[in-house]
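Chemist: Dropping in run23.cif, with mmCIF, C-alpha atoms and all ligand atoms.
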data_run
loop_
_atom_site.label_atom_id
_atom_site.label_comp_id
_atom_site.auth_asym_id
_atom_site.auth_seq_id
_atom_site.Cartn_x
_atom_site.Cartn_y
_atom_site.Cartn_z
CA MET A 29 -128.66 62.20 -24.34
CA THR A 30 -131.52 64.42 -25.31
CA GLU A 31 -134.82 63.12 -23.99
CA SER A 32 -138.21 64.58 -24.72
CA PRO A 33 -141.50 62.68 -24.65
CA ALA A 34 -141.33 62.05 -28.38
CA ASN A 35 -137.62 61.92 -29.09
CA LYS A 36 -134.89 59.69 -27.79
CA ILE A 37 -131.61 60.62 -29.37
CA LYS A 38 -128.77 58.37 -28.28
CA HIS A 39 -125.90 60.40 -29.67
CA SER A 40 -125.78 63.78 -31.32
CA ILE A 41 -122.72 64.95 -33.19
CA MET A 42 -122.01 68.41 -34.57
CA VAL A 43 -120.10 68.57 -37.84
CA MET A 44 -118.14 71.78 -37.83
CA SER A 45 -115.40 73.61 -39.67
CA GLY A 46 -113.72 76.95 -39.32
CA LYS A 47 -114.73 77.94 -42.82
CA GLY A 48 -117.10 77.19 -45.69
CA GLY A 49 -116.60 74.98 -48.70
CA VAL A 50 -114.41 72.41 -46.97
CA GLY A 51 -117.01 69.64 -47.22
CA LYS A 52 -119.07 69.71 -44.02
CA THR A 53 -122.32 68.93 -45.78
CA THR A 54 -120.64 66.25 -47.89
CA VAL A 55 -119.21 64.66 -44.76
CA SER A 56 -122.47 64.95 -42.76
CA VAL A 57 -124.59 63.41 -45.50
CA ASN A 58 -122.22 60.58 -46.37
CA LEU A 59 -121.47 59.69 -42.77
CA GLY A 60 -125.21 59.72 -42.06
CA LEU A 61 -125.88 57.34 -44.96
CA SER A 62 -122.94 55.12 -44.00
CA LEU A 63 -124.31 54.81 -40.47
CA ALA A 64 -127.73 53.99 -41.90
CA LEU A 65 -126.15 51.22 -44.00
CA TYR A 66 -125.19 49.67 -40.66
CA GLY A 67 -128.88 49.65 -39.76
CA LYS A 68 -128.80 52.86 -37.74
CA VAL A 69 -131.62 55.36 -37.68
CA VAL A 70 -129.92 58.69 -38.21
CA GLY A 71 -131.26 62.22 -37.98
CA ILE A 72 -129.60 64.88 -40.08
CA LEU A 73 -130.31 68.38 -38.84
CA ASP A 74 -129.40 70.88 -41.53
CA ALA A 75 -128.47 73.77 -39.27
CA ASP A 76 -127.30 75.90 -42.16
CA ILE A 77 -130.42 78.05 -42.31
CA THR A 78 -129.23 80.43 -45.02
CA GLY A 79 -127.48 77.82 -47.18
CA PRO A 80 -129.34 74.55 -46.64
CA ASN A 81 -127.75 71.95 -48.93
CA VAL A 82 -128.54 68.63 -47.28
CA PRO A 83 -131.78 67.91 -49.22
CA LYS A 84 -130.09 68.64 -52.54
CA MET A 85 -127.27 66.21 -51.83
CA LEU A 86 -129.85 63.56 -50.93
CA ASN A 87 -132.06 64.38 -53.90
CA ILE A 88 -135.08 64.97 -51.67
CA GLU A 89 -135.36 68.71 -52.17
CA ASP A 90 -138.88 68.44 -53.52
CA ALA A 91 -140.09 66.67 -50.39
CA THR A 92 -141.97 68.52 -47.68
CA MET A 93 -142.00 68.15 -43.94
CA THR A 94 -145.56 67.47 -42.89
CA GLY A 95 -146.96 69.14 -39.82
CA GLU A 96 -149.71 68.55 -37.30
CA GLU A 97 -152.25 70.86 -35.74
CA ASP A 98 -150.37 70.71 -32.48
CA GLN A 99 -147.41 72.37 -34.25
CA THR A 100 -145.26 69.27 -34.42
CA ILE A 101 -143.26 68.77 -37.62
CA HIS A 102 -142.28 65.42 -39.15
CA PRO A 103 -138.85 65.04 -40.72
CA VAL A 104 -138.47 63.73 -44.26
CA GLU A 105 -137.51 60.07 -43.98
CA LEU A 106 -135.36 58.16 -46.45
CA PRO A 107 -135.02 54.39 -45.96
CA VAL A 108 -131.44 53.16 -46.41
CA GLY A 109 -130.21 49.58 -46.85
CA ALA A 110 -132.02 46.72 -45.14
CA ASP A 111 -133.19 48.48 -41.98
CA GLY A 112 -131.51 51.86 -41.69
CA ALA A 113 -132.97 55.29 -42.35
CA VAL A 114 -132.08 58.94 -42.39
CA ARG A 115 -134.54 61.54 -41.17
CA VAL A 116 -133.85 65.02 -42.45
CA VAL A 117 -134.94 68.45 -41.31
CA SER A 118 -133.88 71.45 -43.34
CA MET A 119 -134.91 74.99 -44.07
CA ALA A 120 -134.85 74.00 -47.76
CA PHE A 121 -138.09 72.04 -47.21
CA VAL A 122 -139.71 75.15 -45.80
CA ILE A 123 -138.67 77.80 -48.28
CA GLY A 124 -138.29 75.82 -51.52
CA LYS A 125 -135.01 75.36 -53.28
CA ASP A 126 -134.53 78.73 -54.92
CA SER A 127 -135.62 81.24 -52.31
CA PRO A 128 -132.87 82.95 -50.39
CA VAL A 129 -133.13 83.31 -46.64
CA VAL A 130 -131.91 86.68 -45.48
CA TRP A 131 -132.48 86.61 -41.78
CA ARG A 132 -130.90 88.07 -38.75
CA GLY A 133 -129.48 85.90 -36.01
CA PRO A 134 -132.41 85.79 -33.55
CA LEU A 135 -134.83 84.53 -36.18
CA LYS A 136 -132.39 81.82 -37.26
CA MET A 137 -132.03 80.72 -33.66
CA GLN A 138 -135.80 80.58 -33.30
CA VAL A 139 -136.03 78.22 -36.26
CA LEU A 140 -133.23 76.01 -34.94
CA LYS A 141 -135.04 75.78 -31.63
CA GLN A 142 -138.18 74.63 -33.43
CA PHE A 143 -136.21 72.16 -35.51
CA ILE A 144 -134.95 70.61 -32.31
CA GLU A 145 -137.95 70.91 -30.02
CA THR A 146 -141.04 70.51 -32.19
CA VAL A 147 -139.80 67.95 -34.69
CA THR A 148 -140.88 64.36 -34.16
CA TRP A 149 -137.41 62.90 -34.62
CA GLY A 150 -138.51 59.74 -32.79
CA ASP A 151 -135.86 57.28 -31.63
CA LEU A 152 -132.52 58.03 -33.23
CA ASP A 153 -129.28 56.12 -32.88
CA TYR A 154 -127.37 59.15 -34.10
CA MET A 155 -128.11 62.72 -34.98
CA LEU A 156 -125.65 64.57 -37.19
CA ILE A 157 -125.83 68.34 -37.19
CA ASP A 158 -124.55 69.98 -40.34
CA LEU A 159 -123.47 73.44 -39.19
CA PRO A 160 -122.97 76.59 -41.21
CA PRO A 161 -119.33 77.66 -41.57
CA GLY A 162 -117.43 79.17 -38.71
CA THR A 163 -117.73 79.51 -35.00
CA SER A 164 -120.83 81.72 -34.91
CA ASP A 165 -124.12 81.56 -33.02
CA GLU A 166 -125.46 78.29 -34.38
CA PRO A 167 -123.06 75.93 -32.64
CA LEU A 168 -123.59 77.83 -29.41
CA SER A 169 -127.37 77.62 -29.59
CA ILE A 170 -127.34 73.98 -30.59
CA ALA A 171 -124.92 73.14 -27.81
CA GLN A 172 -127.37 74.66 -25.33
CA LEU A 173 -130.48 73.06 -26.80
CA LEU A 174 -129.20 69.61 -27.60
CA HIS A 175 -126.11 68.99 -25.47
CA PRO A 176 -124.32 67.08 -28.23
CA ASP A 177 -121.89 64.43 -27.12
CA GLY A 178 -119.50 64.75 -30.00
CA MET A 179 -117.99 67.14 -32.51
CA ILE A 180 -116.35 66.28 -35.80
CA ILE A 181 -114.06 68.89 -37.31
CA VAL A 182 -113.77 68.94 -41.08
CA THR A 183 -110.78 70.64 -42.61
CA THR A 184 -108.83 70.76 -45.83
CA PRO A 185 -105.08 70.29 -45.48
CA GLN A 186 -103.86 73.85 -46.14
CA ASP A 187 -102.38 75.83 -43.26
CA LEU A 188 -105.08 78.48 -43.42
CA ALA A 189 -107.89 75.94 -43.14
CA LEU A 190 -106.06 74.31 -40.27
CA LEU A 191 -105.84 77.58 -38.43
CA ASP A 192 -109.64 77.73 -38.64
CA ALA A 193 -109.95 74.11 -37.53
CA ARG A 194 -108.05 75.08 -34.39
CA LYS A 195 -110.65 77.73 -33.63
CA ALA A 196 -113.38 75.13 -34.00
CA ILE A 197 -111.57 72.83 -31.56
CA ASP A 198 -111.14 75.69 -29.08
CA MET A 199 -114.86 76.37 -29.35
CA SER A 200 -115.82 72.76 -28.74
CA ARG A 201 -113.56 72.69 -25.72
CA SER A 202 -115.10 75.83 -24.31
CA LEU A 203 -118.55 74.32 -24.85
CA GLY A 204 -117.49 71.10 -23.17
CA ILE A 205 -118.25 68.97 -26.23
CA PRO A 206 -115.80 66.10 -26.80
CA VAL A 207 -113.99 66.26 -30.13
CA LEU A 208 -114.40 62.89 -31.85
CA GLY A 209 -111.70 63.91 -34.25
CA ILE A 210 -110.57 65.66 -37.40
CA VAL A 211 -111.54 64.61 -40.92
CA GLU A 212 -109.12 65.85 -43.57
CA ASN A 213 -111.20 66.36 -46.69
CA MET A 214 -109.93 67.10 -50.21
CA SER A 215 -106.77 65.41 -49.10
CA GLY A 216 -104.75 64.62 -52.22
CA PHE A 217 -105.92 63.18 -55.49
CA THR A 218 -105.27 59.87 -57.20
CA CYS A 219 -104.88 60.23 -60.96
CA PRO A 220 -107.51 57.94 -62.47
CA LYS A 221 -105.28 57.30 -65.51
CA CYS A 222 -101.93 56.47 -63.96
CA GLY A 223 -102.94 55.83 -60.34
CA LYS A 224 -100.29 58.27 -59.11
CA ALA A 225 -101.06 60.24 -55.92
CA ILE A 226 -100.96 64.00 -56.42
CA ASP A 227 -100.92 66.27 -53.36
CA ILE A 228 -103.00 69.17 -54.61
CA PHE A 229 -103.42 71.01 -51.30
CA LYS A 230 -100.66 68.91 -49.77
CA VAL A 231 -101.61 66.08 -47.47
CA GLY A 232 -101.31 65.34 -43.79
CA GLY A 233 -101.97 68.79 -42.30
CA GLY A 234 -105.07 67.46 -40.56
CA MET A 235 -103.15 64.61 -39.01
CA LYS A 236 -100.42 66.98 -37.83
CA ALA A 237 -103.02 69.33 -36.34
CA ALA A 238 -104.73 66.39 -34.61
CA GLU A 239 -101.42 65.40 -33.02
CA GLU A 240 -100.62 68.94 -31.96
CA LEU A 241 -104.08 69.59 -30.56
CA ARG A 242 -104.28 66.14 -29.02
CA VAL A 243 -107.52 65.09 -30.67
CA PRO A 244 -108.08 61.87 -32.65
CA PHE A 245 -107.55 61.81 -36.41
CA LEU A 246 -110.60 60.17 -38.00
CA GLY A 247 -109.40 59.83 -41.56
CA ARG A 248 -108.66 61.47 -44.89
CA ILE A 249 -110.93 61.74 -47.89
CA GLU A 250 -109.33 62.39 -51.24
CA ILE A 251 -110.50 64.83 -53.84
CA ASP A 252 -112.79 62.62 -55.86
CA PRO A 253 -114.68 63.93 -58.89
CA ALA A 254 -117.41 61.36 -58.10
CA ILE A 255 -118.13 63.20 -54.83
CA CYS A 256 -118.65 66.45 -56.66
CA GLU A 257 -120.75 64.87 -59.42
CA THR A 258 -122.93 62.86 -57.07
CA GLY A 259 -123.28 65.88 -54.76
CA ASP A 260 -124.51 68.03 -57.62
CA SER A 261 -126.80 65.42 -59.14
CA GLY A 262 -128.26 64.39 -55.79
CA LYS A 263 -127.28 60.72 -56.16
CA PRO A 264 -125.78 60.24 -52.73
CA PHE A 265 -122.14 59.27 -53.18
CA ILE A 266 -121.98 56.58 -50.55
CA LEU A 267 -125.07 54.78 -51.94
CA ASN A 268 -123.90 54.84 -55.53
CA VAL A 269 -120.14 54.45 -55.61
CA GLN A 270 -117.78 51.76 -54.42
CA SER A 271 -114.25 53.12 -54.32
CA LYS A 272 -111.28 53.92 -52.12
CA THR A 273 -113.00 57.17 -51.12
CA ALA A 274 -116.19 55.31 -50.17
CA GLU A 275 -114.05 53.02 -48.00
CA ALA A 276 -112.56 56.08 -46.32
CA PHE A 277 -116.05 57.14 -45.19
CA ASP A 278 -116.73 53.61 -44.00
CA GLU A 279 -113.56 53.63 -41.91
CA ILE A 280 -114.63 56.87 -40.27
CA VAL A 281 -118.10 55.58 -39.32
CA ARG A 282 -116.57 52.44 -37.88
CA LYS A 283 -114.43 54.64 -35.64
CA ILE A 284 -117.50 56.63 -34.61
CA MET A 285 -119.51 53.48 -33.82
CA ALA A 286 -116.59 51.96 -31.95
CA HIS A 287 -116.27 55.16 -29.92
CA TYR A 288 -119.91 55.13 -28.83
CA GLU A 289 -120.84 51.47 -28.91
CA GLY A 290 -117.58 49.73 -28.14
CA GLU A 291 -116.93 46.59 -30.13
CA LYS A 292 -120.47 45.24 -29.67
CA TRP A 293 -121.78 46.13 -33.10
CA THR A 294 -121.47 43.72 -36.03
CA PRO A 295 -119.25 45.37 -38.60
CA GLU A 296 -121.30 44.28 -41.61
CA PRO A 297 -122.94 47.03 -43.63
CA SER A 298 -126.01 46.09 -45.66
CA ALA A 299 -125.68 45.88 -49.43
CA LYS A 300 -125.93 49.20 -51.23
N1 LIG A 401 -113.54 65.09 -51.30
C1 LIG A 401 -114.16 65.81 -52.23
N2 LIG A 401 -113.84 65.64 -53.55
C2 LIG A 401 -114.47 66.37 -54.51
N3 LIG A 401 -115.40 67.31 -54.28
C3 LIG A 401 -115.75 67.53 -52.99
C4 LIG A 401 -115.16 66.80 -51.91
N4 LIG A 401 -115.72 67.24 -50.75
C5 LIG A 401 -116.62 68.19 -51.10
N5 LIG A 401 -116.64 68.37 -52.44
C6 LIG A 401 -117.45 69.34 -53.20
O1 LIG A 401 -117.10 70.65 -52.73
C7 LIG A 401 -118.25 71.47 -52.65
C8 LIG A 401 -118.41 72.02 -51.21
O2 LIG A 401 -118.73 70.95 -50.35
P1 LIG A 401 -119.78 71.12 -49.17
O3 LIG A 401 -119.93 69.78 -48.54
O4 LIG A 401 -121.02 71.78 -49.67
O5 LIG A 401 -118.96 72.10 -48.20
P2 LIG A 401 -119.46 72.94 -46.92
O6 LIG A 401 -120.69 72.29 -46.41
O7 LIG A 401 -118.30 72.84 -45.96
O8 LIG A 401 -119.66 74.33 -47.40
C9 LIG A 401 -119.42 70.63 -53.11
O9 LIG A 401 -119.66 70.89 -54.48
C10 LIG A 401 -118.94 69.19 -52.94
O10 LIG A 401 -119.55 68.29 -53.85
MG MG A 402 -122.60 73.11 -46.07
#
Any chance you could put this one into structure tokens?
Modeler:
Amino acid sequence: MTESPANKIKHSIMVMSGKGGVGKTTVSVNLGLSLALYGKVVGILDADITGPNVPKMLNIEDATMTGEEDQTIHPVELPVGADGAVRVVSMAFVIGKDSPVVWRGPLKMQVLKQFIETVTWGDLDYMLIDLPPGTSDEPLSIAQLLHPDGMIIVTTPQDLALLDARKAIDMSRSLGIPVLGIVENMSGFTCPKCGKAIDIFKVGGGMKAAEELRVPFLGRIEIDPAICETGDSGKPFILNVQSKTAEAFDEIVRKIMAHYEGEKWTPEPSAK
């Protein structure tokens, strides 16, 4: 993978969707934390320069990335579980939480380049790249700078979202990045009172698309009010909730680890 004198990144994975609001940041953050619960050191690159949400979801938005005279930048590090960690780089640390970024493409690309090349990521087991919506410049630039070895496509189950997911898969194929699979987010809802499953946006579109497009299906995550609440309050879902939805994230990270590491890893997450 990516090697620079300071950084050894074993695997880097782009988290992409055809459109916004489908849960890319939610998936990136919670998969990152789940991996860290398995003792992994995980970088999360918030590549959404104009809408950086990763620090808010992790409740570290008041942190700052420290820098050195030689222009290197240190990520914000959050210890997780017994020996895992996430290291985060985001525009939100640079501009503060309420300032908008209204920048043209070239400037955004310049920042992404810095985030990749001048940040002291150190040794990472995984890097997750939370992309802005769509198939625009960011995935292209990151593909060139970082040569990721995986792409996760997040979609909701409606036909329109799936159409966009297809575009994302086409893009990853044209960039030569292997698709690890599709995550179907906001996939049905279990009534907390009666336990009955309700298919709000219908269910299973992601699985059907995965079959049709011949890519793996990684799993489905239900609509869960706890995800929304914890996302808004910055209490990371996966570290604070034990539920069927939390298990769904765990199943997805196990598939990711099995893909990259074979069956060598011990499938025992540390206590939350
Ligand atoms: N499975 C889910 N259940 C409930 N709310 C969710 C779920 N996934 C995401 N959300 C909420 O939907 C909103 C958009 O999610 P986000 O991850 O920011 O999407 P994106 O990064 O694709 O724009 C957030 O408020 C988030 O908390
Ligand atoms: Mg986002």
Chemist: Could you check the closest approach to ligand MG 402 (chain A) for each of A:Leu59, A:Ile180, A:Leu135, A:Val82 and tell me which residue wins, using only C-alpha atoms and all ligand atoms?
Modeler: A:Val82
Chemist: Could you tell me which of A:Glu105, A:Glu145, A:Asp158, A:Glu97 comes closest to ligand MG 402 (chain A) if we count all atoms listed in the file?
Modeler: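 Among the listed residues, A:Asp158 lies closest to ligand MG 402 (chain A).
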Chemist: What residues have any atom no more than 8 Å from ligand LIG 401 (chain A) when counting all atoms listed in the file, and can you list them as a PDB file with C-alpha atoms, in the frame of the given file?
Modeler:
ATOM      1  CA  SER A  45    -115.400  73.610 -39.670  1.00  0.00           C
ATOM      2  CA  LYS A  47    -114.730  77.940 -42.820  1.00  0.00           C
ATOM      3  CA  GLY A  48    -117.100  77.190 -45.690  1.00  0.00           C
ATOM      4  CA  GLY A  49    -116.600  74.980 -48.700  1.00  0.00           C
ATOM      5  CA  VAL A  50    -114.410  72.410 -46.970  1.00  0.00           C
ATOM      6  CA  GLY A  51    -117.010  69.640 -47.220  1.00  0.00           C
ATOM      7  CA  LYS A  52    -119.070  69.710 -44.020  1.00  0.00           C
ATOM      8  CA  THR A  53    -122.320  68.930 -45.780  1.00  0.00           C
ATOM      9  CA  THR A  54    -120.640  66.250 -47.890  1.00  0.00           C
ATOM     10  CA  VAL A  55    -119.210  64.660 -44.760  1.00  0.00           C
ATOM     11  CA  SER A  56    -122.470  64.950 -42.760  1.00  0.00           C
ATOM     12  CA  ASN A  81    -127.750  71.950 -48.930  1.00  0.00           C
ATOM     13  CA  ASP A 158    -124.550  69.980 -40.340  1.00  0.00           C
ATOM     14  CA  LEU A 159    -123.470  73.440 -39.190  1.00  0.00           C
ATOM     15  CA  PRO A 160    -122.970  76.590 -41.210  1.00  0.00           C
ATOM     16  CA  PRO A 161    -119.330  77.660 -41.570  1.00  0.00           C
ATOM     17  CA  VAL A 182    -113.770  68.940 -41.080  1.00  0.00           C
ATOM     18  CA  ASN A 213    -111.200  66.360 -46.690  1.00  0.00           C
ATOM     19  CA  MET A 214    -109.930  67.100 -50.210  1.00  0.00           C
ATOM     20  CA  SER A 215    -106.770  65.410 -49.100  1.00  0.00           C
ATOM     21  CA  ILE A 249    -110.930  61.740 -47.890  1.00  0.00           C
ATOM     22  CA  GLU A 250    -109.330  62.390 -51.240  1.00  0.00           C
ATOM     23  CA  ILE A 251    -110.500  64.830 -53.840  1.00  0.00           C
ATOM     24  CA  ASP A 252    -112.790  62.620 -55.860  1.00  0.00           C
ATOM     25  CA  PRO A 253    -114.680  63.930 -58.890  1.00  0.00           C
ATOM     26  CA  ALA A 254    -117.410  61.360 -58.100  1.00  0.00           C
ATOM     27  CA  ILE A 255    -118.130  63.200 -54.830  1.00  0.00           C
ATOM     28  CA  CYS A 256    -118.650  66.450 -56.660  1.00  0.00           C
ATOM     29  CA  GLU A 257    -120.750  64.870 -59.420  1.00  0.00           C
ATOM     30  CA  THR A 258    -122.930  62.860 -57.070  1.00  0.00           C
ATOM     31  CA  GLY A 259    -123.280  65.880 -54.760  1.00  0.00           C
ATOM     32  CA  ASP A 260    -124.510  68.030 -57.620  1.00  0.00           C
ATOM     33  CA  THR A 273    -113.000  57.170 -51.120  1.00  0.00           C
TER      34      THR A 273
END
Chemist: For a cutoff of 10 Å around the file-coordinate point (-109.6, 77.7, -37.0), which residues qualify once you count only C-alpha atoms? I'd like the result as a list in words.
Modeler: Ser45, Gly46, Lys47, Gly162, Thr163, Ile181, Thr183, Asp187, Leu188, Ala189, Leu190, Leu191, Asp192, Ala193, Arg194, Lys195, Ala196, Ile197, Asp198 and Met199 of chain A
Chemist: Which segment 120-227 of chain A residues have any atom within 10 Å of an atom of segment 280-291 of chain A, and for each, what is the nearest pair of atoms with distance in Å to one decimal, counting only C-alpha atoms, rows sorted by chain and number, as JSON lines?
Modeler:
{"residue": "A:Tyr154", "atom": "CA", "partner": "A:Met285", "partner_atom": "CA", "distance": 9.7}
{"residue": "A:Asp177", "atom": "CA", "partner": "A:Tyr288", "partner_atom": "CA", "distance": 9.7}
{"residue": "A:Gly178", "atom": "CA", "partner": "A:Ile284", "partner_atom": "CA", "distance": 9.5}
{"residue": "A:Ile180", "atom": "CA", "partner": "A:Ile284", "partner_atom": "CA", "distance": 9.8}
{"residue": "A:Leu208", "atom": "CA", "partner": "A:Ile284", "partner_atom": "CA", "distance": 7.5}
{"residue": "A:Gly209", "atom": "CA", "partner": "A:Ile284", "partner_atom": "CA", "distance": 9.3}
{"residue": "A:Val211", "atom": "CA", "partner": "A:Ile280", "partner_atom": "CA", "distance": 8.4}
Chemist: Which residue gives the smallest distance to ligand MG 402 (chain A) among A:Val70, A:Ala64, A:Ala75, A:Ile170, with all atoms listed in the file counted?
Modeler: A:Ala75
Chemist: For atom CA of Gly67 of chain A and atom CA of Ile144 of chain A, quote the distance in Å rounded to one decimal.
Modeler: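 Pair atom CA of Gly67 of chain A / atom CA of Ile144 of chain A returns 23.1 Å.
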Chemist: For atom CA of Leu174 of chain A and atom CA of Ser40 of chain A, quote the distance in Å rounded to one decimal.
Modeler: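 For atom CA of Leu174 of chain A relative to atom CA of Ser40 of chain A, the distance reads 7.7 Å.
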Chemist: So which one's closest to Gly204 of chain A, A:Phe217, A:Ala276, A:Thr184, A:His175? Using all atoms listed in the file, please.
Modeler: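 Using all atoms listed in the file, the shortest distance to Gly204 of chain A belongs to A:His175.
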Chemist: In Å, how far is it from atom CA of Ile226 of chain A to atom CA of Met85 of chain A?
Modeler: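 Spanning atom CA of Ile226 of chain A to atom CA of Met85 of chain A is a straight-line distance of 26.8 Å.
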Chemist: Using only C-alpha atoms, which of A:Leu106, A:Val243, A:Val207, A:Ile101 sits nearest Trp149 of chain A?
Modeler: A:Ile101
Chemist: Between A:Gly109, A:Thr148, A:Asn58, A:Gly124, which residue has the minimum interatomic distance to Glu96 of chain A, considering all atoms listed in the file?
Modeler: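 The closest residue to Glu96 of chain A is A:Thr148.
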Chemist: Enclose all atoms of segment 65-68 of chain A listed in the file in an axis-aligned box, grow every side by 6 Å, and hand back centre and edge lengths in Å to one decimal, as lines of an AutoDock Vina configuration file.
Modeler:
center_x = -127.0
center_y = 51.3
center_z = -40.9
size_x = 15.7
size_y = 15.2
size_z = 18.3
Chemist: With all atoms listed in the file as the counted atoms, please give the residues lying no more than 9 Å from Met93 of chain A, apart from itself and same-chain residues fewer than 6 positions off, as a list in words.
Modeler: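 Using all atoms listed in the file, the neighbours found are Ile101, His102, Pro103, Val104, Val116, Val117, Ser118, Phe121 and Val122 of chain A.
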Chemist: Quick one: residues within 6 Å of Leu156 of chain A, all atoms listed in the file counted, chain neighbours fewer than 2 positions away excluded, as a list of chain:residue names?
Modeler: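 The residues satisfying every condition are A:Ser40, A:Ile41, A:Met42, A:Ile72.
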Chemist: Just the selected residues (C-alpha atoms), exported as a PDB file, in the frame of the given file, please.
Modeler:
ATOM      1  CA  SER A  40    -125.780  63.780 -31.320  1.00  0.00           C
ATOM      2  CA  ILE A  41    -122.720  64.950 -33.190  1.00  0.00           C
ATOM      3  CA  MET A  42    -122.010  68.410 -34.570  1.00  0.00           C
ATOM      4  CA  ILE A  72    -129.600  64.880 -40.080  1.00  0.00           C
TER       5      ILE A  72
END
